[in-house]
Amino acid sequence: MADKIVGIDLGTTNSVVSIVEGGEPIVIPSAEGDYLFPSVVGFSKTGERFVGSVAKRQAVSNPDRTVISIKRHMGTDYKVQIDDKQFSPQEISAMILQKIKTDAETYLGFPIEKAVITVPAYFSDSERQATKDAGTIAGLEVVRIINEPTASCMAYGLNKGEDDNAQTENVLIWDLGGGTFDVSIVEVGGGLVEVKSTAGDSHLGGDDWDQRIMDWLIEDFKNRYNIDLRADRLAMQRLKEVAENTKIKLSYETTAKVNLPFIAADATGPKHLDVELTRAKFQELTADLVERCEIPAMRAIKDSGLNLHQINKVFLVGGSTRMPAVQDKVRALFNREPASGIDPDKVVAMGAAIQGAVIAGEVKDMVLLDVTSLSLGIETVGGIFTKLIERNSQIPCSKTRIFTTAADGQTVVEVHVLQGERELAAHNKSLGRFELRNIPPAPRGVPQIEVTFDIDANGIVNVSAKDMVTGNQQKITIQSPTSLSKDEIDTMVKEAAIYAEEDGKRREEATVRNKANIEIDTAEHTMRELGERINPDHQIALRNLIDQLRISLQATDLAKIAADTKLLQDQLYAISTDAYYALDTGRVAAKDQSEEAKRQEIYDLSSDEEPEDDELFGWFNQEEGK
Ligand code: AMP
């Protein structure tokens with residue numbers, strides 16, 4: 001039994017654990033008999049620790065010593081301070097995982113040593129690492145970190161049956177939990193699950209619906225008694241609890257009574273909250289929240305390259321999708337009935353358990369592909385961000401590209417690894433940097449540095465750079481101390497769209513200036529090489545053109561820089577044509593050919609396609625066909 005692998009959905013609000021038994025995933029209940037483990041940790045004044053539903057319950061009377069939504073801080077240096085002790089997000093998460101482990105062991109009757117843990121698809125490398133670390137602290141070997149939408153599909157995929165000839169389907173996963181909303185587009189078929197795109201809103205979830213009920217109750221109470229409950233912390237905690245219960249009740253009934261005795265008191269005596277909320281009123285209070293779901297849904301569809309009509313199925317995940325208004329929204333948007341059959345709270349954990357069974361060798365006919373949430377690449381000359389791995393690429397994956405040097409005799413290159421969607425390096429998130437040294441001195445453009453990005457199945461990134469001549473290699477595993485929140489990712493993607501035009505202009509500027517500098521270099525190099533063999537008229541013309549271009553470079557007129565670069569280039573062509581005929585033709589021609597051959601090799605190694613005319617090839621802006 002020791003090789004059994006459980007699946008854990010380590011959620012922001014609640015966690016769930018599942019295991020495959022007899023080929024089917026079952027959900028393991030907590031010691032309290034509930035299948036949800038609230039992701040809450042509480043500390044008593046006497047040093048006791050509570051995890052799960054006990055902690056959630058005592059949160060009402062002990063808000064300062066209760067930790068909720070720790071998942072939002074995973075991978076950051078955030079600390080929880082309790083008395084004189086500090087806890088990292090990993091440690092708090094480990095307490096939740098420990099409770100899950102212990103309860104599961106008691107229920108199953110054998111030790112649990114290995115787990116598959118799910119994370120949101122947008123989780124960055126450090127957030128994944130932190131999740132893995134939390135497992136380790138809890139005494140679990142985390143055999144795989146998988147994306148939540150992928151897990152959901154695993155759960156539905158298995159339920160679909162094992163027909164290898166089944167048609168591929170495009171599935172939209174609508175995951176509305178307690179604090180976040182995530183949408184993923186996934187392709188499912190023939191035992192294969194492939195995430196195409198993801199989008200979301202990190203501040204949209206069941207809590208917002210609860211808040212609307214709270215606001216309404218507070219307002220109503222104020223109108224009746226002229227008492228503002230917001231000032232009373234304990235009353236607010238009670239209101240929060242009752243608001244959630246009322247919301248849940250309204251998923252099944254058309255009216256709900258809200259009753260909180262002794263919620264406040266004034267000179268005339270104690271006051272009780274006793275009102276009725278109809279589903280219709282509740283839906284009116286929260287209509288805009290339902291509408292907000294549409295934005296990420298549309299963005300995910302757009303990012304996947306599909307259109308609304310190409311979505312064949314919609315899976316509902318997360319407790320908040322039980323609200324009738326949310327289901328109606330899905331029906332109206334997609335003109336279809338969302339898939340049913342699996343409890344929306346349990347789907348993710350069940351999928352993780354299936355993945356665990358695949359790894360353990362119990363389930364054989366499922367493969368798993370995941371995607372990256374942001375593009376990855378390096379900084380190249382002119383501060384340009386050159387992507388190696390595009391956003392939404394499948395993982396695990398590996399990409400290699402050849403780069404070269406920007407200056408003659410350059411012996412060191414810096415590999416600056418970045419993540420993001422903007423065209424300029426400075427606007428993206430820096431993940432780390434390293435240097436590759438001892439490159440044998442050579443003219444710029446000659447050394448070949450092979451840069452490889454590897455993303456493993458857990459989404460952890462390795463970057464290496466290798467000098468093709470010496471075989472010298474340097475690498476880095478990205479373990480950044482800080483990491484991107486979902487918000488940051490959303491913001492980065494949005495900003496990239498907003499600034500696309502501006503960035504494009506700056507990229508163009510960098511490219512034009514780069515070309516000009518290289519042309520000046522080449523011209524000066526040619527003058528040194530050919531010296532007296534250039535006829536005097538050409539020499540004067542060349543010098544004038546170099547000076548003219550240098551002056552243009554000091555100003556901002558890009559068209560002028562480009563035009564002067566072209567004039568200098570034409571002059572250089574004229575000179576080399578002269579050189580062929582007038583001088584030692586054989587020697588010069590042979591030299592040019594060998595240079596051309598070298599460049600060709602670089603292009604061949606760098607990508608399958610011919611590079612575009614102005615494509616940048618690394619620290620050196622290498623141009624084609626020169
Ligand atoms: P999850 O993060 O998936 O566990 O979802 C938790 C959220 O789902 C919380 O905001 C719950 O209040 C909400 N929730 C659970 N059951 C229901 C229900 N029947 N109707 C409305 N919301 C629900």
# chains A, B, ... in the order shown; residues from 1 in each chain; ligands from 1

call {"tool": "select_by_dssp", "arguments": {"residues": "stretch 459-579 of chain A", "states": "strand (DSSP E or B)", "output": "list in words"}}
result
Val461, Asn462, Val463, Ser464, Ala465, Lys466, Asp467, Gln473, Gln474, Lys475, Ile476 and Thr477 of chain A

call {"tool": "write_last_selection", "arguments": {"atoms": "N, CA, C and O atoms", "output": "PDB file, in the first residue's frame"}}
result
ATOM      1  N   VAL A 461      11.656  25.587 -13.999  1.00  0.00           N
ATOM      2  CA  VAL A 461      12.422  25.999 -15.181  1.00  0.00           C
ATOM      3  C   VAL A 461      13.937  25.858 -14.973  1.00  0.00           C
ATOM      4  O   VAL A 461      14.470  26.316 -13.963  1.00  0.00           O
ATOM      5  N   ASN A 462      14.609  25.240 -15.935  1.00  0.00           N
ATOM      6  CA  ASN A 462      16.069  25.183 -15.956  1.00  0.00           C
ATOM      7  C   ASN A 462      16.554  25.880 -17.218  1.00  0.00           C
ATOM      8  O   ASN A 462      16.029  25.616 -18.296  1.00  0.00           O
ATOM      9  N   VAL A 463      17.554  26.751 -17.062  1.00  0.00           N
ATOM     10  CA  VAL A 463      18.098  27.440 -18.235  1.00  0.00           C
ATOM     11  C   VAL A 463      19.596  27.168 -18.292  1.00  0.00           C
ATOM     12  O   VAL A 463      20.280  27.275 -17.275  1.00  0.00           O
ATOM     13  N   SER A 464      20.093  26.800 -19.478  1.00  0.00           N
ATOM     14  CA  SER A 464      21.530  26.584 -19.592  1.00  0.00           C
ATOM     15  C   SER A 464      22.075  27.309 -20.814  1.00  0.00           C
ATOM     16  O   SER A 464      21.353  27.573 -21.769  1.00  0.00           O
ATOM     17  N   ALA A 465      23.359  27.660 -20.761  1.00  0.00           N
ATOM     18  CA  ALA A 465      24.031  28.284 -21.897  1.00  0.00           C
ATOM     19  C   ALA A 465      25.331  27.537 -22.118  1.00  0.00           C
ATOM     20  O   ALA A 465      26.044  27.231 -21.162  1.00  0.00           O
ATOM     21  N   LYS A 466      25.598  27.218 -23.380  1.00  0.00           N
ATOM     22  CA  LYS A 466      26.789  26.418 -23.670  1.00  0.00           C
ATOM     23  C   LYS A 466      27.547  27.030 -24.840  1.00  0.00           C
ATOM     24  O   LYS A 466      26.947  27.363 -25.863  1.00  0.00           O
ATOM     25  N   ASP A 467      28.846  27.169 -24.670  1.00  0.00           N
ATOM     26  CA  ASP A 467      29.691  27.635 -25.761  1.00  0.00           C
ATOM     27  C   ASP A 467      29.974  26.423 -26.646  1.00  0.00           C
ATOM     28  O   ASP A 467      30.560  25.434 -26.197  1.00  0.00           O
ATOM     29  N   GLN A 473      29.793  25.193 -20.058  1.00  0.00           N
ATOM     30  CA  GLN A 473      28.368  25.315 -19.837  1.00  0.00           C
ATOM     31  C   GLN A 473      28.075  25.939 -18.482  1.00  0.00           C
ATOM     32  O   GLN A 473      28.802  25.715 -17.517  1.00  0.00           O
ATOM     33  N   GLN A 474      27.014  26.726 -18.414  1.00  0.00           N
ATOM     34  CA  GLN A 474      26.545  27.291 -17.148  1.00  0.00           C
ATOM     35  C   GLN A 474      25.047  27.099 -17.113  1.00  0.00           C
ATOM     36  O   GLN A 474      24.400  27.132 -18.146  1.00  0.00           O
ATOM     37  N   LYS A 475      24.486  26.887 -15.928  1.00  0.00           N
ATOM     38  CA  LYS A 475      23.030  26.809 -15.900  1.00  0.00           C
ATOM     39  C   LYS A 475      22.442  27.335 -14.608  1.00  0.00           C
ATOM     40  O   LYS A 475      23.154  27.607 -13.651  1.00  0.00           O
ATOM     41  N   ILE A 476      21.139  27.459 -14.610  1.00  0.00           N
ATOM     42  CA  ILE A 476      20.449  28.023 -13.454  1.00  0.00           C
ATOM     43  C   ILE A 476      19.085  27.346 -13.362  1.00  0.00           C
ATOM     44  O   ILE A 476      18.440  27.079 -14.370  1.00  0.00           O
ATOM     45  N   THR A 477      18.723  27.003 -12.132  1.00  0.00           N
ATOM     46  CA  THR A 477      17.366  26.527 -11.876  1.00  0.00           C
ATOM     47  C   THR A 477      16.648  27.698 -11.258  1.00  0.00           C
ATOM     48  O   THR A 477      17.141  28.294 -10.306  1.00  0.00           O
TER      49      THR A 477
END

call {"tool": "residues_near_ligand", "arguments": {"ligand": "ligand 1", "cutoff": "8 Å", "atoms": "only C-alpha atoms and all ligand atoms", "output": "PyMOL selection string"}}
result
chain A and resi 11-15+36+175-180+205-207+209-210+244-245+247-252+317-323+344-345

call {"tool": "write_last_selection", "arguments": {"atoms": "C-alpha atoms", "output": "PDB file, in the first residue's frame"}}
result
ATOM      1  CA  GLY A  11      -7.300  25.056  -2.173  1.00  0.00           C
ATOM      2  CA  THR A  12      -7.488  28.698  -1.081  1.00  0.00           C
ATOM      3  CA  THR A  13     -10.694  28.133   0.873  1.00  0.00           C
ATOM      4  CA  ASN A  14     -10.958  24.350   1.156  1.00  0.00           C
ATOM      5  CA  SER A  15      -8.778  21.341   0.454  1.00  0.00           C
ATOM      6  CA  LEU A  36     -13.939  19.448   2.697  1.00  0.00           C
ATOM      7  CA  ASP A 175     -13.766  27.188 -11.843  1.00  0.00           C
ATOM      8  CA  LEU A 176     -15.434  29.574  -9.403  1.00  0.00           C
ATOM      9  CA  GLY A 177     -14.212  28.894  -5.863  1.00  0.00           C
ATOM     10  CA  GLY A 178     -14.279  30.888  -2.642  1.00  0.00           C
ATOM     11  CA  GLY A 179     -11.859  33.635  -3.607  1.00  0.00           C
ATOM     12  CA  THR A 180     -10.835  33.149  -7.213  1.00  0.00           C
ATOM     13  CA  GLY A 205     -15.211  34.209  -5.785  1.00  0.00           C
ATOM     14  CA  GLY A 206     -17.890  33.055  -3.367  1.00  0.00           C
ATOM     15  CA  ASP A 207     -16.582  35.507  -0.753  1.00  0.00           C
ATOM     16  CA  TRP A 209     -21.288  36.964  -3.000  1.00  0.00           C
ATOM     17  CA  ASP A 210     -21.137  36.597   0.809  1.00  0.00           C
ATOM     18  CA  GLU A 244     -22.325  32.251   3.482  1.00  0.00           C
ATOM     19  CA  ASN A 245     -24.955  29.902   4.875  1.00  0.00           C
ATOM     20  CA  LYS A 247     -26.055  32.095   0.041  1.00  0.00           C
ATOM     21  CA  ILE A 248     -25.730  28.299   0.054  1.00  0.00           C
ATOM     22  CA  LYS A 249     -29.355  27.926   1.123  1.00  0.00           C
ATOM     23  CA  LEU A 250     -30.468  30.144  -1.757  1.00  0.00           C
ATOM     24  CA  SER A 251     -28.878  27.706  -4.194  1.00  0.00           C
ATOM     25  CA  TYR A 252     -31.595  25.233  -3.313  1.00  0.00           C
ATOM     26  CA  VAL A 317     -15.618  23.341 -10.865  1.00  0.00           C
ATOM     27  CA  GLY A 318     -15.638  25.015  -7.434  1.00  0.00           C
ATOM     28  CA  GLY A 319     -18.381  25.297  -4.847  1.00  0.00           C
ATOM     29  CA  SER A 320     -19.678  28.625  -6.159  1.00  0.00           C
ATOM     30  CA  THR A 321     -20.790  27.058  -9.455  1.00  0.00           C
ATOM     31  CA  ARG A 322     -23.677  25.571  -7.488  1.00  0.00           C
ATOM     32  CA  MET A 323     -25.369  28.966  -7.573  1.00  0.00           C
ATOM     33  CA  PRO A 344     -17.741  20.555  -8.354  1.00  0.00           C
ATOM     34  CA  ASP A 345     -15.843  20.629  -5.051  1.00  0.00           C
TER      35      ASP A 345
END

call {"tool": "residues_around", "arguments": {"residues": "stretch 292-307 of chain A", "least_positions_apart": "3", "cutoff": "6 Å", "atoms": "only C-alpha atoms", "output": "ChimeraX atom specification"}}
result
/A:183,196-200,289,310

call {"tool": "write_last_selection", "arguments": {"atoms": "C-alpha atoms", "output": "compact mmCIF listing (two decimals), in the first residue's frame"}}
result
# COMPACT_ATOMS: atom_id res chain seq x y z
CA VAL A 183 -11.10 29.62 -16.74
CA LYS A 196 -4.69 25.24 -24.38
CA SER A 197 -5.06 28.45 -22.40
CA THR A 198 -5.97 29.90 -19.03
CA ALA A 199 -7.35 33.20 -17.77
CA GLY A 200 -8.99 34.36 -14.59
CA LEU A 289 -20.51 39.65 -10.13
CA GLN A 310 -15.95 25.49 -31.01

call {"tool": "residues_around", "arguments": {"residues": "A:Lys132", "least_positions_apart": "2", "cutoff": "12 Å", "atoms": "only C-alpha atoms", "output": "MDAnalysis selection string"}}
result
chainID A and resid 8 10 74:75 89:91 93:94 97 114:119 125:130 134:146 458:460

call {"tool": "closest_residue", "arguments": {"among": "A:Leu545, A:Val415, A:Ala31, A:Ile478", "to": "A:Phe385", "atoms": "only C-alpha atoms"}}
result
A:Val415

call {"tool": "residues_around", "arguments": {"residues": "stretch 565-575 of chain A", "least_positions_apart": "6", "cutoff": "12 Å", "atoms": "only C-alpha atoms", "output": "count of residues only"}}
result
48

call {"tool": "closest_residue", "arguments": {"among": "A:Val17, A:Arg238, A:Gly42, A:His416", "to": "A:Thr102", "atoms": "only C-alpha atoms"}}
result
A:Val17

call {"tool": "atom_distance", "arguments": {"atom1": "atom CA of A:Gly47", "atom2": "atom CA of A:Ile70"}}
result
19.8 Å

call {"tool": "closest_residue", "arguments": {"among": "A:Gln355, A:Gln86, A:Thr400, A:Gln211", "to": "A:Leu285", "atoms": "only C-alpha atoms"}}
result
A:Gln211
